[in-house]
Structures are given as C-alpha cells and as structure tokens.
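Chemist: Contents of entry37.txt (compact mmCIF, C-alpha atoms):
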```txt
# COMPACT_ATOMS: atom_id res chain seq x y z
CA MET A 30 -0.28 -9.50 10.06
CA ASN A 31 -0.96 -13.22 9.78
CA LEU A 32 1.73 -15.50 8.38
CA PRO A 33 1.95 -19.30 8.55
CA GLN A 34 4.69 -19.09 11.21
CA CYS A 35 3.33 -16.30 13.39
CA GLU A 36 0.84 -13.50 13.96
CA ILE A 37 2.20 -9.97 14.37
CA GLN A 38 0.06 -7.44 16.23
CA PRO A 39 -1.14 -4.80 15.65
CA THR A 40 -2.46 -6.12 12.35
CA PRO A 41 -2.64 -3.63 9.43
CA SER A 42 -6.09 -3.09 7.94
CA ARG A 43 -4.94 -3.50 4.31
CA GLU A 44 -2.24 -5.83 3.04
CA ILE A 45 -0.73 -6.56 -0.36
CA LEU A 46 1.78 -9.19 -1.44
CA PHE A 47 4.80 -8.76 -3.71
CA ILE A 48 6.65 -11.77 -5.07
CA ALA A 49 10.15 -10.75 -6.12
CA GLY A 50 12.94 -12.56 -7.94
CA GLY A 51 15.11 -13.87 -5.09
CA ARG A 52 14.80 -17.25 -3.39
CA VAL A 53 11.60 -18.89 -4.59
CA PRO A 54 9.17 -19.31 -1.68
CA ASN A 55 7.73 -22.70 -0.79
CA SER A 56 4.61 -23.25 -2.91
CA ASP A 57 2.30 -24.29 -0.06
CA TRP A 58 3.52 -21.39 2.08
CA PHE A 59 2.98 -18.95 -0.79
CA LYS A 60 -0.55 -20.18 -1.52
CA LYS A 61 -1.52 -19.65 2.13
CA VAL A 62 -0.07 -16.13 2.19
CA ALA A 63 -1.63 -15.22 -1.16
CA GLN A 64 -5.19 -15.95 0.01
CA GLY A 65 -7.22 -12.75 0.26
CA ARG A 66 -4.36 -10.45 -0.69
CA LYS A 67 -3.66 -8.46 -3.84
CA ILE A 68 -0.52 -9.79 -5.52
CA PHE A 69 2.11 -7.92 -7.54
CA ALA A 70 4.73 -9.97 -9.38
CA VAL A 71 8.19 -8.45 -9.65
CA ASP A 72 10.27 -9.71 -12.58
CA ARG A 73 11.10 -13.41 -11.98
CA GLY A 74 8.32 -13.65 -9.40
CA ILE A 75 5.92 -14.20 -12.29
CA GLU A 76 7.36 -17.69 -12.76
CA LEU A 77 5.88 -19.03 -9.50
CA CYS A 78 2.58 -17.30 -10.25
CA ARG A 79 2.45 -19.14 -13.54
CA ALA A 80 3.43 -22.46 -11.93
CA LEU A 81 0.61 -22.14 -9.38
CA ASN A 82 -1.83 -20.46 -11.81
CA ILE A 83 -2.18 -17.45 -9.51
CA LEU A 84 -2.98 -14.23 -11.37
CA PRO A 85 -1.26 -11.11 -10.00
CA GLU A 86 -2.70 -7.61 -10.26
CA MET A 87 0.35 -6.49 -12.22
CA LEU A 88 3.78 -7.59 -13.43
CA ILE A 89 6.61 -5.08 -12.86
CA GLY A 90 10.23 -5.23 -13.93
CA ASP A 91 12.88 -5.10 -16.63
CA PHE A 92 12.52 -8.88 -17.18
CA ASP A 93 16.26 -9.50 -17.36
CA SER A 94 15.84 -12.62 -15.21
CA ALA A 95 12.25 -13.75 -15.85
CA GLU A 96 11.68 -16.54 -18.34
CA SER A 97 10.18 -15.08 -21.52
CA SER A 98 7.54 -17.83 -21.47
CA ALA A 99 6.37 -16.63 -18.04
CA VAL A 100 6.10 -13.04 -19.29
CA ASP A 101 4.19 -14.29 -22.34
CA TRP A 102 1.85 -16.19 -19.98
CA ALA A 103 1.15 -12.96 -18.09
CA LEU A 104 0.37 -11.18 -21.35
CA SER A 105 -1.90 -14.00 -22.46
CA LYS A 106 -3.82 -13.67 -19.20
CA LYS A 107 -4.25 -9.91 -19.78
CA ILE A 108 -2.23 -9.09 -16.66
CA PRO A 109 -1.12 -5.43 -16.81
CA VAL A 110 2.64 -5.16 -17.36
CA GLU A 111 4.84 -2.26 -16.30
CA ARG A 112 8.12 -2.73 -18.15
CA HIS A 113 11.26 -0.81 -17.17
CA PRO A 114 14.61 -0.54 -18.95
CA VAL A 115 17.46 -2.73 -17.76
CA ASP A 116 19.70 0.33 -17.37
CA LYS A 117 18.04 2.22 -14.52
CA ASP A 118 18.82 3.67 -11.09
CA LEU A 119 16.35 1.65 -8.99
CA THR A 120 15.88 -2.07 -8.58
CA ASP A 121 12.66 -3.72 -9.77
CA THR A 122 11.57 -4.17 -6.14
CA GLN A 123 12.13 -0.50 -5.36
CA LEU A 124 10.04 0.46 -8.39
CA ALA A 125 7.27 -1.94 -7.39
CA LEU A 126 7.00 -0.47 -3.90
CA LYS A 127 5.16 2.57 -5.27
CA PHE A 128 2.09 0.33 -5.23
CA ALA A 129 2.36 -0.01 -1.45
CA GLU A 130 0.23 2.79 -0.06
CA LYS A 131 1.39 4.78 2.95
CA ASN A 132 -1.46 3.54 5.16
CA SER A 133 -1.30 -0.09 4.06
CA ALA A 134 1.13 -2.91 4.69
CA ALA A 135 3.02 -5.08 2.22
CA ILE A 136 4.60 -8.50 2.37
CA ILE A 137 7.56 -9.08 0.07
CA THR A 138 8.45 -12.70 -0.57
CA GLY A 139 11.29 -13.73 -2.85
CA ALA A 140 13.39 -11.09 -1.09
CA PHE A 141 15.97 -13.44 0.44
CA GLY A 142 18.67 -15.55 -1.20
CA GLY A 143 20.08 -14.69 -4.58
CA ARG A 144 22.38 -11.68 -4.83
CA LEU A 145 23.52 -9.99 -1.61
CA ASP A 146 23.42 -6.52 -3.16
CA HIS A 147 19.75 -6.90 -4.09
CA ALA A 148 18.88 -8.26 -0.64
CA PHE A 149 20.80 -5.40 1.02
CA SER A 150 18.99 -2.83 -1.13
CA THR A 151 15.58 -4.32 -0.34
CA ILE A 152 16.19 -4.64 3.41
CA PHE A 153 17.32 -1.02 3.83
CA THR A 154 14.76 0.45 1.39
CA CYS A 155 11.92 -1.24 3.25
CA ALA A 156 13.26 -0.15 6.64
CA HIS A 157 12.72 3.49 5.74
CA PHE A 158 9.66 3.17 3.50
CA PRO A 159 6.47 5.00 4.66
CA ALA A 160 4.31 1.85 4.52
CA LYS A 161 4.82 -1.06 6.91
CA ILE A 162 6.81 -3.73 5.05
CA PHE A 163 7.29 -7.38 5.99
CA LEU A 164 9.89 -9.56 4.23
CA ALA A 165 8.94 -13.19 4.57
CA ASP A 166 9.14 -16.73 3.29
CA LYS A 167 9.04 -20.16 4.95
CA ARG A 168 12.62 -19.81 6.20
CA GLU A 169 12.96 -16.18 7.29
CA ILE A 170 10.96 -13.13 8.35
CA ILE A 171 11.98 -9.49 8.80
CA PHE A 172 9.76 -6.67 9.94
CA TYR A 173 10.63 -3.21 11.22
CA VAL A 174 9.95 -1.53 14.55
CA LYS A 175 10.29 2.25 14.42
CA GLY A 176 10.65 4.75 17.25
CA GLY A 177 7.52 4.84 19.43
CA GLU A 178 6.18 1.51 18.12
CA SER A 179 5.42 -1.72 20.01
CA PHE A 180 4.59 -5.14 18.57
CA SER A 181 3.56 -8.51 19.88
CA VAL A 182 4.60 -11.62 17.94
CA ASN A 183 2.63 -14.82 18.58
CA PHE A 184 4.66 -17.72 17.20
CA PHE A 185 2.90 -20.80 15.78
CA GLN A 186 6.34 -22.23 14.93
CA LYS A 187 9.34 -21.63 17.18
CA PRO A 188 12.18 -19.91 15.29
CA VAL A 189 15.71 -21.26 15.39
CA ALA A 190 17.04 -17.76 16.06
CA LEU A 191 15.77 -14.22 16.63
CA SER A 192 17.97 -11.18 16.00
CA LEU A 193 17.55 -7.42 16.35
CA LEU A 194 19.38 -5.49 13.62
CA PRO A 195 19.63 -1.67 13.72
CA MET A 196 18.63 -0.07 10.42
CA SER A 197 19.47 3.39 11.71
CA GLU A 198 22.79 4.49 13.20
CA ILE A 199 21.43 4.11 16.74
CA CYS A 200 18.30 2.45 18.14
CA ARG A 201 17.38 3.63 21.63
CA GLY A 202 14.92 2.38 24.22
CA VAL A 203 14.89 -1.18 22.85
CA THR A 204 12.89 -3.58 25.03
CA ILE A 205 12.21 -7.23 24.23
CA LYS A 206 10.47 -9.75 26.49
CA ASN A 207 10.11 -13.56 26.55
CA VAL A 208 13.45 -14.31 24.94
CA HIS A 209 16.53 -15.89 26.52
CA TRP A 210 18.44 -12.59 26.62
CA GLU A 211 15.88 -9.90 27.39
CA LEU A 212 16.56 -6.20 26.91
CA GLU A 213 15.15 -3.27 28.85
CA ASN A 214 15.54 0.25 27.43
CA ALA A 215 18.76 -0.78 25.66
CA THR A 216 20.76 1.08 23.02
CA LEU A 217 21.85 -0.84 19.91
CA ALA A 218 24.39 0.45 17.38
CA GLN A 219 24.37 -0.25 13.65
CA ASN A 220 28.16 -0.29 13.40
CA PHE A 221 28.46 -3.17 15.92
CA PRO A 222 25.32 -5.34 15.94
CA SER A 223 25.21 -7.09 19.33
CA ALA A 224 21.69 -8.58 19.55
CA VAL A 225 22.12 -11.51 17.16
CA SER A 226 20.89 -15.11 17.53
CA ASN A 227 18.64 -14.82 20.57
CA ARG A 228 16.33 -17.67 21.60
CA VAL A 229 12.55 -17.50 21.98
CA GLU A 230 11.36 -18.71 25.41
CA SER A 231 7.61 -18.20 25.02
CA PRO A 232 5.08 -18.36 22.15
CA GLU A 233 4.51 -14.61 22.54
CA VAL A 234 7.34 -12.07 22.28
CA GLN A 235 6.94 -8.33 22.90
CA ILE A 236 9.20 -5.77 21.27
CA SER A 237 9.26 -1.96 21.51
CA VAL A 238 11.64 0.77 20.34
CA GLY A 239 11.95 4.32 21.66
CA GLY A 240 13.93 5.79 18.77
CA GLY A 241 15.46 4.70 15.49
CA VAL A 242 14.54 1.87 13.11
CA LEU A 243 15.11 -1.73 14.17
CA ALA A 244 14.75 -4.90 12.08
CA PHE A 245 13.17 -7.85 13.91
CA TYR A 246 14.59 -10.95 12.21
CA CYS A 247 13.61 -14.62 12.64
CA CYS A 248 15.07 -17.76 11.06
CA PHE A 249 12.82 -20.84 11.07
CA SER A 250 14.93 -23.48 9.31
CA GLU A 251 17.46 -25.36 11.45
CA PHE A 252 19.08 -26.89 8.35
CA PHE A 253 19.34 -23.47 6.76
CA SER A 254 20.87 -22.07 9.98
CA ARG A 255 23.61 -24.77 10.08
CA GLU A 256 24.20 -24.41 6.34
CA SER A 257 24.62 -20.64 6.65
CA SER A 258 27.15 -20.89 9.48
CA ALA A 259 29.35 -23.43 7.67
```
Write the structure described by the file as structure tokens, please.
Modeler:
Amino acid sequence: MNLPQCEIQPTPSREILFIAGGRVPNSDWFKKVAQGRKIFAVDRGIELCRALNILPEMLIGDFDSAESSAVDWALSKKIPVERHPVDKDLTDTQLALKFAEKNSAAIITGAFGGRLDHAFSTIFTCAHFPAKIFLADKREIIFYVKGGESFSVNFFQKPVALSLLPMSEICRGVTIKNVHWELENATLAQNFPSAVSNRVESPEVQISVGGGVLAFYCCFSEFFSRESSA
C-alpha cells in the first residue's frame, strides 16, 4: 500500500479508494492517492470530487450532508448513484464497504474529524471487515494488524506519534521494532490502552500480532497534535 507519507508492506494486489464525508482531505494529497485507483464517493465526499473534477465509479449515501449541487453534478456526469433513506440502521460508509471485495484492499479518506460517533463506527467496522482497510489522510493513518499478520512500514515522512490501539478485547504477541518503546510478544488490553504516543526511531518500522485485532495509528501533523491535546 503506497501513500504519500509511507509504504506499507505487504502491498495488496487490488486497491480501491472511498472518500467519505468527514474531514476533507488535502487536495494535493487526495489527487496523488486517487491516481490508478477506483474511487467511490460516499455522501459529502462527492463535493471534493466535483471540486477536483475527479469522476468516481459510484456515489453512495442518503445525501443528508452533501450539497445538492454536488449530487446534481454527479448525475450530470452519468455517475451511478445508490441512494439510501436517511432513516436506516447502517451509516453511509458501512453501506459503501460492500464494494470492497474480500481479497482486495480499500483506503477510506474523509474518515477522520467530524462527528465522533461516525468516526468510532468506521474505525471499529473496518477493524473487523474481511477486506484490508486503511483509513488515511494527510494528517492521520490507521491500518489493522490481525492475529498472525506482520507488516513493515517504510516512512517517507516521520510521524509525530505512533500508537497501537486494541480493536479486540485482548491483543497478544504484539511485537514492534524501531520505535522508542519497543515491544516483544506483549499483551495489550482494549479496556486500558497503554501503547499510545510512541516515537519512530527509524524510517522502517516492523509490527506483528499473534492474536486479536490491533490498530496501527500514526499522526503526521505537529500542529494538529498540539491542537488536539489542548
């Protein structure tokens, strides 16, 4: 998985990109990530597509937050639209994920910022989704390491902070190398996260998990980090 800030190995063979309705990603960052990938716009995500004249494969949502002019633009461009009622059980992002195939990978941008409940729903849904999901924008990245998996992250830009967040009740056999506080076969608990705000000491970080589901989180904006802790 290649992103402007880093390369995550192993790289999936097929990747798609969802742009959701949370914090709007940086335009230059988004254009780089969009190159060569199929794009699905989720509700308000169509607004950035229109602004950059990038045509998604499909527009999905109830359109309670998208500007009507952006939806009209999608219709004028003959972009297929899957409209859902406002009163429904699932979020627009959860409904859109059906287009992420089990053996492919998906990037979701526009997942951070905005409402906490939507971000919480997306983060936990993606942690347990069959396909490999990456949440990313210029400021933050989350991807998931499941039991028996190992990843190598080659950073082009050094993150301000790196945290390991259990998405299952317990994560066992957690090993991380080339950070300030390394772990070797550690156990992390969801009810008391204790591996927050680590520091990267080398351009390449290795992470592996023996059991459970662990979120690998990076923050790249120093200003955003200070702002969040205020």
Chemist: Which range 75-128 of chain A residues have any atom within 8 Å of an atom of range 41-51 of chain A, and for each, what is the nearest pair of atoms with distance in Å to one decimal, counting all atoms listed in the file, rows sorted by chain and number, as CSV?
Modeler:
```
residue,atom,partner,partner_atom,distance
A:Ile75,CA,A:Ile48,CA,7.7
A:Ser94,CA,A:Gly50,CA,7.8
A:Thr122,CA,A:Ala49,CA,6.7
```
Chemist: Residues as selected, C-alpha atoms, written as a PDB file, keeping the file's coordinate frame, can you do that?
Modeler:
```pdb
ATOM      1  CA  ILE A  75       5.920 -14.200 -12.290  1.00  0.00           C
ATOM      2  CA  SER A  94      15.840 -12.620 -15.210  1.00  0.00           C
ATOM      3  CA  THR A 122      11.570  -4.170  -6.140  1.00  0.00           C
TER       4      THR A 122
END
```
Chemist: For Lys175 in chain A, which residue among A:Gly241, A:Gly142, A:Pro159, A:Gly202 is the nearest when counting only C-alpha atoms?
Modeler: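 Between A:Gly241, A:Gly142, A:Pro159, A:Gly202, the residue approaching Lys175 in chain A most closely is A:Gly241.
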Chemist: So the first atom is CA of Ser105 in chain A and the second is CA of Ala165 in chain A; what is the distance between them in Å, to one decimal place?
Modeler: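 Taking CA of Ser105 in chain A as the start and CA of Ala165 in chain A as the end point, the length is 29.1 Å.
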Chemist: Restricting the calculation to only C-alpha atoms: of A:Val115, A:Val189, A:Val242, A:Leu88, which residue gets closest to Cys155 in chain A?
Modeler: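 Smallest separation from Cys155 in chain A among the options: A:Val242.
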Chemist: In terms of the shortest atom-to-atom distance over only C-alpha atoms, which of A:Ile89, A:Ile37, A:Leu32, A:Leu191 is closest to Phe128 in chain A?
Modeler: A:Ile89
Chemist: Rank A:Ile205, A:Ala160, A:Val238, A:Leu104 by their smallest atom-to-atom distance to Lys127 in chain A, using only C-alpha atoms, and report the top residue only.
Modeler: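 With only C-alpha atoms as the atom set, the closest residue is A:Ala160.
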Chemist: Tell me, as an MDAnalysis selection string, which residues lie within 12 Å of Trp102 in chain A, counting only C-alpha atoms; anything in the same chain fewer than 4 positions away does not count.
Modeler: chainID A and resid 75:80 82:85 88 95:98 106:110
